[in-house]
>>> print(open('protein24.cif').read())   # mmCIF, C-alpha atoms
data_structure
#
loop_
_atom_site.group_PDB
_atom_site.id
_atom_site.type_symbol
_atom_site.label_atom_id
_atom_site.label_comp_id
_atom_site.auth_asym_id
_atom_site.auth_seq_id
_atom_site.Cartn_x
_atom_site.Cartn_y
_atom_site.Cartn_z
ATOM 1 C CA MET A 1497 56.500 46.162 -18.413
ATOM 2 C CA THR A 1498 58.768 47.364 -21.210
ATOM 3 C CA SER A 1499 60.796 50.504 -21.490
ATOM 4 C CA THR A 1500 60.157 53.024 -24.257
ATOM 5 C CA ASN A 1501 63.885 52.896 -25.080
ATOM 6 C CA ASN A 1502 63.728 49.309 -26.392
ATOM 7 C CA THR A 1503 64.590 49.140 -30.079
ATOM 8 C CA THR A 1504 63.935 46.348 -32.537
ATOM 9 C CA ALA A 1505 65.115 45.676 -36.066
ATOM 10 C CA SER A 1506 61.911 47.260 -37.391
ATOM 11 C CA ASP A 1507 62.858 50.582 -35.753
ATOM 12 C CA TYR A 1508 65.684 50.983 -38.279
ATOM 13 C CA VAL A 1509 65.418 52.217 -41.865
ATOM 14 C CA ASN A 1510 67.862 52.704 -44.732
ATOM 15 C CA CYS A 1511 70.101 55.707 -44.209
ATOM 16 C CA PRO A 1512 68.656 58.680 -46.131
ATOM 17 C CA ASP A 1513 72.139 60.076 -46.780
ATOM 18 C CA CYS A 1514 73.777 57.068 -48.487
ATOM 19 C CA GLY A 1515 70.631 55.149 -49.449
ATOM 20 C CA GLY A 1516 71.541 52.181 -47.274
ATOM 21 C CA ALA A 1517 74.913 51.473 -48.920
ATOM 22 C CA GLY A 1518 76.984 52.634 -45.937
ATOM 23 C CA GLU A 1519 79.288 54.568 -48.234
ATOM 24 C CA TYR A 1520 79.135 56.946 -51.166
ATOM 25 C CA GLU A 1521 81.412 58.227 -53.890
ATOM 26 C CA VAL A 1522 83.107 61.598 -53.598
ATOM 27 C CA GLU A 1523 85.208 63.303 -56.239
ATOM 28 C CA VAL A 1524 88.710 64.500 -55.408
ATOM 29 C CA GLU A 1525 91.168 66.455 -57.512
ATOM 30 C CA VAL A 1526 94.403 64.679 -58.366
ATOM 31 C CA ILE A 1527 97.385 66.856 -59.270
ATOM 32 C CA ASP A 1528 99.192 65.689 -62.395
ATOM 33 C CA HIS A 1529 101.524 68.380 -63.725
ATOM 34 C CA ALA A 1530 102.395 66.429 -66.876
ATOM 35 C CA ASN A 1531 98.778 65.870 -67.980
ATOM 36 C CA GLY A 1532 96.897 68.728 -66.334
ATOM 37 C CA GLY A 1533 95.352 66.759 -63.459
ATOM 38 C CA PHE A 1534 92.088 64.894 -63.241
ATOM 39 C CA ILE A 1535 89.101 64.127 -61.012
ATOM 40 C CA LYS A 1536 89.057 60.738 -59.271
ATOM 41 C CA GLY A 1537 86.108 59.111 -57.546
ATOM 42 C CA ILE A 1538 86.783 57.483 -54.172
ATOM 43 C CA MET A 1539 84.432 55.708 -51.798
ATOM 44 C CA GLN A 1540 83.924 57.302 -48.412
ATOM 45 C CA THR A 1541 82.165 55.856 -45.359
ATOM 46 C CA CYS A 1542 78.856 57.589 -44.653
ATOM 47 C CA GLU A 1543 79.198 59.747 -41.555
ATOM 48 C CA PHE A 1544 75.470 59.743 -40.793
ATOM 49 C CA CYS A 1545 75.107 55.969 -40.394
ATOM 50 C CA VAL A 1546 78.811 55.292 -39.707
ATOM 51 C CA GLY A 1547 78.902 52.706 -42.496
ATOM 52 C CA ASP A 1548 76.010 50.582 -41.170
ATOM 53 C CA GLY A 1549 73.578 51.576 -43.920
ATOM 54 C CA GLU A 1550 70.752 51.850 -41.400
ATOM 55 C CA VAL A 1551 69.718 54.454 -38.857
ATOM 56 C CA HIS A 1552 66.965 54.690 -36.292
ATOM 57 C CA GLU A 1553 63.763 55.917 -37.925
ATOM 58 C CA GLU A 1554 63.631 59.029 -35.694
ATOM 59 C CA ASP A 1555 67.149 60.019 -36.783
ATOM 60 C CA ALA A 1556 66.195 59.510 -40.437
ATOM 61 C CA ALA A 1557 63.128 61.737 -40.053
ATOM 62 C CA GLU A 1558 65.248 64.415 -38.376
ATOM 63 C CA PHE A 1559 67.799 64.238 -41.233
ATOM 64 C CA LEU A 1560 65.082 64.652 -43.876
ATOM 65 C CA ILE A 1561 63.562 67.656 -42.088
ATOM 66 C CA ARG A 1562 66.986 69.305 -41.777
ATOM 67 C CA ASP A 1563 67.689 68.619 -45.469
ATOM 68 C CA GLU A 1564 64.419 70.336 -46.495
ATOM 69 C CA PHE A 1565 65.307 73.527 -44.614
ATOM 70 C CA GLU A 1566 68.825 73.700 -46.090
ATOM 71 C CA GLN A 1567 67.550 73.707 -49.686
#
>>> encode(input="protein24.cif", output="structure tokens")
Amino acid sequence: MTSTNNTTASDYVNCPDCGGAGEYEVEVEVIDHANGGFIKGIMQTCEFCVGDGEVHEEDAAEFLIRDEFEQ
């Protein structure tokens, strides 16, 4: 008899937030008084998958449903 809480590798899918990379680029403003400043891209760890690149398929479905309602 197996529990319904058992998870296997096939229960995980690529993170819908970062696309499976585990991180994504964000733009930050850099103050530079001499040249007027600029925008710099930095890599940030994905908060949804905590940098793993994969999430449980139920969590991914929940994320996609939430994303549809916010738009």
>>> resolve_selection(input="protein24.cif", expression="the PyMOL selection byres ((chain A and resi 1541-1547) around 10)", output="short mmCIF file (atom, residue, chain, number, x, y, z; two decimals) with C-alpha atoms, in the coordinates of the input")
data_model
loop_
_atom_site.label_atom_id
_atom_site.label_comp_id
_atom_site.auth_asym_id
_atom_site.auth_seq_id
_atom_site.Cartn_x
_atom_site.Cartn_y
_atom_site.Cartn_z
CA ASN A 1510 67.86 52.70 -44.73
CA CYS A 1511 70.10 55.71 -44.21
CA PRO A 1512 68.66 58.68 -46.13
CA ASP A 1513 72.14 60.08 -46.78
CA CYS A 1514 73.78 57.07 -48.49
CA GLY A 1515 70.63 55.15 -49.45
CA GLY A 1516 71.54 52.18 -47.27
CA ALA A 1517 74.91 51.47 -48.92
CA GLY A 1518 76.98 52.63 -45.94
CA GLU A 1519 79.29 54.57 -48.23
CA TYR A 1520 79.14 56.95 -51.17
CA GLU A 1521 81.41 58.23 -53.89
CA MET A 1539 84.43 55.71 -51.80
CA GLN A 1540 83.92 57.30 -48.41
CA ASP A 1548 76.01 50.58 -41.17
CA GLY A 1549 73.58 51.58 -43.92
CA GLU A 1550 70.75 51.85 -41.40
CA VAL A 1551 69.72 54.45 -38.86
CA HIS A 1552 66.96 54.69 -36.29
CA ASP A 1555 67.15 60.02 -36.78
CA ALA A 1556 66.19 59.51 -40.44
CA PHE A 1559 67.80 64.24 -41.23
#
>>> atom_distance(input="protein24.cif", atom1="atom CA of Glu1525 of chain A", atom2="atom CA of Leu1560 of chain A")
29.5 Å
>>> atom_distance(input="protein24.cif", atom1="atom CA of Glu1523 of chain A", atom2="atom CA of Ile1561 of chain A")
26.2 Å
>>> atom_distance(input="protein24.cif", atom1="atom CA of Val1526 of chain A", atom2="atom CA of Ile1538 of chain A")
11.3 Å
>>> residues_around(input="protein24.cif", residues="Val1524 of chain A", least_positions_apart="3", cutoff="9 Å", atoms="only C-alpha atoms", output="VMD selection string")
chain A and resid 1534 to 1538
